[in-house]
Amino acid sequence: MENIIEIKDLNFSYRDSEGNLYPALHDINLSFGRGTYTAILGHNGSGKSTLAKLINMVLTRDDGQIDGTIRVLGKEITGEMTDDDAYDIQCRIGMVHQNPDNQIVATTVEEDVAFGPENLGKDPAEIRRIVTETLAAVGMEGHEKSAPHRLSGGQKQRIAVAGVLAMQPECIIFDESTAMLDPQGRDAIMKTIDELHKRGDVTIITITHYMNEATDADRVIVLDHGGVFMDGTPEEIFSQVEALHSVSLDVPQVTELFYELKKAGRYDGELPLHTDEGAQALANLLRIKR
Amino acid sequence: MPIIFDNVTYVYGENTPFEHKALDGLDLTIEENMITGLIGQTGSGKSTIAQLCNGLYKPTSGKVFVDGEDINADKKKKKENFFRVGLVFQYPEYQLFEDTVGHDIAYGPKNMGLDDGEIARRVADAAKFVGLDEASLEKSPFDISGGQRRRAAIAGIVAMEPKYLILDEPAAGLDPQGRDDILTKIKKYQREKGISVVIISHSMEDMAKYCDKIIVLDRHGVYKYGTKAEIFADPHALKDIGLSVPQITKLMYRAQMLGVNFERPLYTVGAAFEDIMKMLDGEGKK
């Protein structure tokens with residue numbers, strides 16, 4: 001599988017206006033394969049957002065000291081880059097932020113989604129096609145003429161996703177994109193991510209503090225104090241309950257319950273991550289006793 | 001005493017093209033001396049209610065009573081009500097503005113006209129409550145972490161020692177340990193002081209763990225007000241109004257469909273563990 005992002009021996013320190021350096025990331029070696037879905041977890045200040053912002057060049061040498069290399073789509077973005085190259089990378093690595101209000105620019109949904117492709121100089125027929133397709137991809141067809149401020153939080157966030165998709169990116173980073181949403185909005189975004197992943201052409205990286213949002217990813221990376229603490233499948237990561245607690249994280253409630261039962265000597269199977277597996281395991285456990 | 005909303009309507013941008021009715025004839029009595037959760041979809045009026053409680057917003061029509069007083073009756077008492085009902089906004093750390101964390105926490109008490117000794121005591125108490133050490137009180141708010149900034153902002157409200165404390169998404173954006181830590185502290189504070197606390201949140205898990213009672217809002221007003229058992233008893237109805245139940249409660253309902261019978265509704269991991277252990281032990285004895 002082709003890697004669209006390759007990070008080698010990366011160290012990054014923020015630089016303030018007086019030239020002081022504040023280390024944020026150290027010894028990062030990671031690669032992301034095309035079409036994969038990775039969740040990045042870590043306590044506040046662990047370096048998750050810093051890593052994401054380095055990948056899509058929101059942070060550059062102007063913001064701090066970078067050692068090591070980041071290659072995105074075969075190009076070394078930590079080296080000398082022209083403005084055109086940088087712009088190209090930012091178009092191809094999209095980012096959805098925490099607050100959709102900060103990401104929506106136009107007064108109707110369709111204008112907002114068209115904003116990116118218009119800037120790319122696409123012709124009107126092509127833009128029309130892209131708007132229709134991307135709104136369908138996020139389940140917001142029929143809202144073309146709506147005013148974004150009239151939409152719910154989850155709907156607005158899906159418009160923000162459509163706006164990013166309209167740039168036809170190869171990778172989308174969701175930086176705590178569900179943090180401000182109500183349960184329905186959160187479900188809608190998670191469903192959208194799942195569907196994008198199934199399409200297979202977009203690489204997905206999510207950053208989240210909600211553990212049960214990480215269980216559907218192919219891979220989970222845990223950062224701690226600027227370094228990679230764990231890297232594995234959700235099953236591998238969430239079975240290590242104590243290690244996660246040691247870095248201020250948690251496991252889904254279903255997993256926590258079975259972990260407690262295991263500790264009490266009442267369960268010896270794999271720790272379930274989802275409610276349906278959990279319910280089945282619970283039924284088996286209680287029936288076996290009968 | 002409870003906070004009482006008597007037929008309260010609140011309209012944003014009245015007589016403008018953006019006119020929007022956030023609350024329409026709301027009747028609500030928020031019980032005292034407990035932690036009440038306030039849940040509802042985006043746009044259901046949670047934050048509007050919070051800002052009506054301390055007089056920051058004035059009802060378009062209707063009355064809000066705190067300590068038995070109509071808080072909007074006498075303009076001179078507006079300030080008094082700010083001190084009586086402490087309101088912690090969403091992402092309050094963005095509102096820190098003083099040169100040091102200590103000065104920021106002291107801002108509220110200073111405005112209350114307290115003497116220096118009392119201000120110092122309150123700042124120290126509030127800092128201790130949120131877990132900020134003395135060294136961080138001397139720092140600039142910009143030189144501490146995001147989690148610490150959140151604590152400093154909450155301490156600034158707590159230092160006014162309000163009888164009512166309203167927190168709008170106090171744990172949003174914090175990591176799991178940060179969430180548990182701040183919510184545990186709020187619960188401990190409520191139990192020690194016997195004040196009335198209202199927490200607004202989108203996390204059903206947090207609500208189940210930390211609240212005594214829950215108010216559910218939908219677009220028409222109060223959908224339900226009750227104990228956690230009453231609120232989480234009907235996951236389908238909650239889903240219909242854009243909400244949810246804690247994951248552990250979902251697990252319970254799924255297991256029930258597979259023939260597992262629980263004796264009571266479960267909405268925390270602790271209670272689920274206890275009941276399952278009992279079921280396993282009970283079955284073992286037969």
# chains A, B, ... in the order shown; residues from 1 in each chain; ligands from 1
call {"tool": "select_by_dssp", "arguments": {"residues": "region 51-143 of chain B", "states": "alpha helix (DSSP H)", "output": "MDAnalysis selection string"}}
result
chainID B and resid 51:53 78:84 101:111 116:130 134:137
call {"tool": "residues_around", "arguments": {"residues": "region 50-62 of chain B", "least_positions_apart": "4", "cutoff": "7 Å", "atoms": "only C-alpha atoms", "output": "short mmCIF file (atom, residue, chain, number, x, y, z; two decimals) with N, CA and C atoms, in the first residue's frame"}}
result
data_model
loop_
_atom_site.label_atom_id
_atom_site.label_comp_id
_atom_site.auth_asym_id
_atom_site.auth_seq_id
_atom_site.Cartn_x
_atom_site.Cartn_y
_atom_site.Cartn_z
N ASP B 6 -41.21 31.67 35.07
CA ASP B 6 -42.66 31.77 35.01
C ASP B 6 -43.07 32.31 33.64
N ASN B 7 -43.51 31.41 32.79
CA ASN B 7 -44.02 31.78 31.46
C ASN B 7 -43.04 32.66 30.68
N VAL B 8 -41.78 32.19 30.61
CA VAL B 8 -40.71 33.01 30.02
C VAL B 8 -40.59 32.78 28.51
N THR B 9 -40.65 33.88 27.78
CA THR B 9 -40.39 33.86 26.34
C THR B 9 -39.13 34.68 26.10
N TYR B 10 -38.26 34.17 25.25
CA TYR B 10 -37.07 34.94 24.90
C TYR B 10 -36.88 34.94 23.39
N VAL B 11 -36.82 36.12 22.83
CA VAL B 11 -36.68 36.26 21.38
C VAL B 11 -35.35 36.95 21.08
N LYS B 46 -30.71 25.81 25.85
CA LYS B 46 -29.97 25.57 27.10
C LYS B 46 -29.17 26.79 27.54
N ILE B 71 -35.82 38.74 39.43
CA ILE B 71 -34.48 39.33 39.30
C ILE B 71 -34.41 40.51 38.34
N ASN B 72 -35.45 40.69 37.54
CA ASN B 72 -35.42 41.80 36.60
C ASN B 72 -36.29 42.98 37.06
N LYS B 78 -29.13 44.19 39.72
CA LYS B 78 -28.59 43.39 38.63
C LYS B 78 -27.23 42.79 39.02
N ASN B 81 -27.31 40.06 41.54
CA ASN B 81 -27.71 38.78 40.98
C ASN B 81 -26.59 38.08 40.21
N PHE B 82 -25.71 38.88 39.59
CA PHE B 82 -24.53 38.30 38.94
C PHE B 82 -23.69 37.52 39.95
N VAL B 85 -25.76 34.27 41.26
CA VAL B 85 -25.83 33.16 40.30
C VAL B 85 -24.55 33.18 39.46
N ILE B 166 -23.94 27.80 37.62
CA ILE B 166 -24.39 27.25 36.34
C ILE B 166 -23.18 27.11 35.43
#
call {"tool": "atom_distance", "arguments": {"atom1": "CA of Lys193 (chain B)", "atom2": "CA of Ala159 (chain B)"}}
result
13.0 Å
call {"tool": "residues_around", "arguments": {"residues": "region 23-38 of chain B", "least_positions_apart": "6", "cutoff": "9 Å", "atoms": "only C-alpha atoms", "output": "PyMOL selection string"}}
result
chain B and resi 1-11+44-46+48-49+61-62+164+187+190-191+193-202+207-208+210-217+219-222
call {"tool": "write_last_selection", "arguments": {"atoms": "N, CA and C atoms", "output": "CSV table (one decimal), in the first residue's frame"}}
result
chain,number,residue,atom,x,y,z
B,1,MET,N,-33.4,28.2,47.7
B,1,MET,CA,-34.7,28.2,47.1
B,1,MET,C,-34.5,27.8,45.6
B,2,PRO,N,-35.5,27.4,45.0
B,2,PRO,CA,-35.4,27.0,43.5
B,2,PRO,C,-35.3,28.2,42.6
B,3,ILE,N,-34.8,28.0,41.4
B,3,ILE,CA,-34.8,29.1,40.4
B,3,ILE,C,-36.1,28.8,39.6
B,4,ILE,N,-37.0,29.9,39.5
B,4,ILE,CA,-38.3,29.6,38.9
B,4,ILE,C,-38.4,30.5,37.6
B,5,PHE,N,-38.8,29.8,36.5
B,5,PHE,CA,-39.1,30.5,35.3
B,5,PHE,C,-40.6,30.5,35.2
B,6,ASP,N,-41.2,31.7,35.1
B,6,ASP,CA,-42.7,31.8,35.0
B,6,ASP,C,-43.1,32.3,33.6
B,7,ASN,N,-43.5,31.4,32.8
B,7,ASN,CA,-44.0,31.8,31.5
B,7,ASN,C,-43.0,32.7,30.7
B,8,VAL,N,-41.8,32.2,30.6
B,8,VAL,CA,-40.7,33.0,30.0
B,8,VAL,C,-40.6,32.8,28.5
B,9,THR,N,-40.7,33.9,27.8
B,9,THR,CA,-40.4,33.9,26.3
B,9,THR,C,-39.1,34.7,26.1
B,10,TYR,N,-38.3,34.2,25.2
B,10,TYR,CA,-37.1,34.9,24.9
B,10,TYR,C,-36.9,34.9,23.4
B,11,VAL,N,-36.8,36.1,22.8
B,11,VAL,CA,-36.7,36.3,21.4
B,11,VAL,C,-35.4,37.0,21.1
B,44,SER,N,-31.9,24.2,21.4
B,44,SER,CA,-33.1,23.9,22.3
B,44,SER,C,-33.2,24.9,23.4
B,45,GLY,N,-32.2,25.8,23.5
B,45,GLY,CA,-32.4,26.9,24.5
B,45,GLY,C,-31.6,26.8,25.8
B,46,LYS,N,-30.7,25.8,25.9
B,46,LYS,CA,-30.0,25.6,27.1
B,46,LYS,C,-29.2,26.8,27.5
B,48,THR,N,-29.5,29.8,26.5
B,48,THR,CA,-30.4,31.0,26.8
B,48,THR,C,-30.9,30.9,28.2
B,49,ILE,N,-31.3,29.7,28.7
B,49,ILE,CA,-31.8,29.6,30.0
B,49,ILE,C,-30.7,29.9,31.0
B,61,SER,N,-40.8,38.3,27.6
B,61,SER,CA,-41.9,38.4,28.5
B,61,SER,C,-41.8,37.2,29.5
B,62,GLY,N,-42.5,37.4,30.6
B,62,GLY,CA,-42.4,36.4,31.7
B,62,GLY,C,-41.4,36.8,32.8
B,164,TYR,N,-25.8,29.8,43.6
B,164,TYR,CA,-26.2,29.0,42.4
B,164,TYR,C,-25.1,29.0,41.5
B,187,LYS,N,-18.8,18.2,41.8
B,187,LYS,CA,-19.8,17.5,42.6
B,187,LYS,C,-19.4,17.6,44.1
B,190,GLN,N,-20.4,21.0,45.4
B,190,GLN,CA,-21.8,21.1,45.6
B,190,GLN,C,-22.2,20.4,46.9
B,191,ARG,N,-21.6,19.2,47.2
B,191,ARG,CA,-22.0,18.4,48.4
B,191,ARG,C,-21.5,19.1,49.6
B,193,LYS,N,-20.9,22.5,50.0
B,193,LYS,CA,-21.5,23.8,50.2
B,193,LYS,C,-23.0,23.8,50.2
B,194,GLY,N,-23.6,22.7,49.7
B,194,GLY,CA,-25.0,22.6,49.7
B,194,GLY,C,-25.7,23.6,48.8
B,195,ILE,N,-24.9,24.1,47.7
B,195,ILE,CA,-25.5,25.0,46.8
B,195,ILE,C,-26.2,24.3,45.7
B,196,SER,N,-26.8,25.1,44.8
B,196,SER,CA,-27.5,24.5,43.6
B,196,SER,C,-26.7,24.6,42.4
B,197,VAL,N,-26.4,23.5,41.7
B,197,VAL,CA,-25.6,23.5,40.5
B,197,VAL,C,-26.4,23.0,39.3
B,198,VAL,N,-26.2,23.7,38.2
B,198,VAL,CA,-26.8,23.3,37.0
B,198,VAL,C,-25.6,23.0,36.0
B,199,ILE,N,-25.6,21.9,35.4
B,199,ILE,CA,-24.5,21.6,34.4
B,199,ILE,C,-25.2,21.3,33.0
B,200,ILE,N,-24.7,22.0,32.0
B,200,ILE,CA,-25.2,21.8,30.6
B,200,ILE,C,-24.2,20.9,30.0
B,201,SER,N,-24.6,19.9,29.3
B,201,SER,CA,-23.6,19.0,28.6
B,201,SER,C,-24.3,18.2,27.5
B,202,HIS,N,-23.4,17.8,26.6
B,202,HIS,CA,-23.9,16.9,25.5
B,202,HIS,C,-23.5,15.5,25.8
B,207,MET,N,-23.5,13.1,32.4
B,207,MET,CA,-24.8,13.5,33.0
B,207,MET,C,-25.2,12.3,34.0
B,208,ALA,N,-25.1,11.1,33.5
B,208,ALA,CA,-25.5,10.0,34.3
B,208,ALA,C,-24.6,9.8,35.5
B,210,TYR,N,-22.7,12.2,37.1
B,210,TYR,CA,-22.5,13.4,38.1
B,210,TYR,C,-23.8,14.1,38.5
B,211,CYS,N,-24.9,13.9,37.8
B,211,CYS,CA,-26.1,14.7,38.1
B,211,CYS,C,-27.1,13.9,39.1
B,212,ASP,N,-27.9,14.7,39.8
B,212,ASP,CA,-28.9,14.1,40.6
B,212,ASP,C,-30.2,14.0,39.8
B,213,LYS,N,-30.5,15.1,39.1
B,213,LYS,CA,-31.7,15.0,38.3
B,213,LYS,C,-31.4,15.6,37.0
B,214,ILE,N,-32.2,15.4,36.0
B,214,ILE,CA,-32.0,15.9,34.6
B,214,ILE,C,-33.2,16.6,34.0
B,215,ILE,N,-33.0,17.7,33.4
B,215,ILE,CA,-34.0,18.4,32.6
B,215,ILE,C,-33.7,18.2,31.2
B,216,VAL,N,-34.7,17.6,30.4
B,216,VAL,CA,-34.5,17.4,29.0
B,216,VAL,C,-35.3,18.5,28.2
B,217,LEU,N,-34.7,19.2,27.4
B,217,LEU,CA,-35.4,20.2,26.6
B,217,LEU,C,-35.5,19.7,25.2
B,219,ARG,N,-37.5,21.3,21.3
B,219,ARG,CA,-37.7,22.6,20.6
B,219,ARG,C,-38.9,23.3,21.2
B,220,HIS,N,-39.7,22.6,22.0
B,220,HIS,CA,-41.0,23.2,22.5
B,220,HIS,C,-40.9,23.6,24.0
B,221,GLY,N,-39.8,23.3,24.6
B,221,GLY,CA,-39.6,23.6,26.0
B,221,GLY,C,-39.1,22.4,26.8
B,222,VAL,N,-39.7,22.2,28.0
B,222,VAL,CA,-39.2,21.1,28.8
B,222,VAL,C,-39.9,19.8,28.4
call {"tool": "closest_residue", "arguments": {"among": "B:Leu87, B:Ala229, B:Met252, B:Val66", "to": "chain A", "atoms": "only C-alpha atoms"}}
result
B:Met252
call {"tool": "residues_around", "arguments": {"residues": "Lys239 (chain B)", "least_positions_apart": "2", "cutoff": "12 Å", "atoms": "only C-alpha atoms", "output": "list of chain:residue names"}}
result
A:Asp182, A:Pro183, A:Gln184, A:Gly185, A:Asp187, B:Gly40, B:Gln41, B:Met204, B:Val216, B:Asp218, B:Ile231, B:Phe232, B:Ala233, B:Asp234, B:Pro235, B:His236, B:Ala237, B:Ile241, B:Gly242, B:Leu243, B:Ser244, B:Val245, B:Pro246, B:Lys250
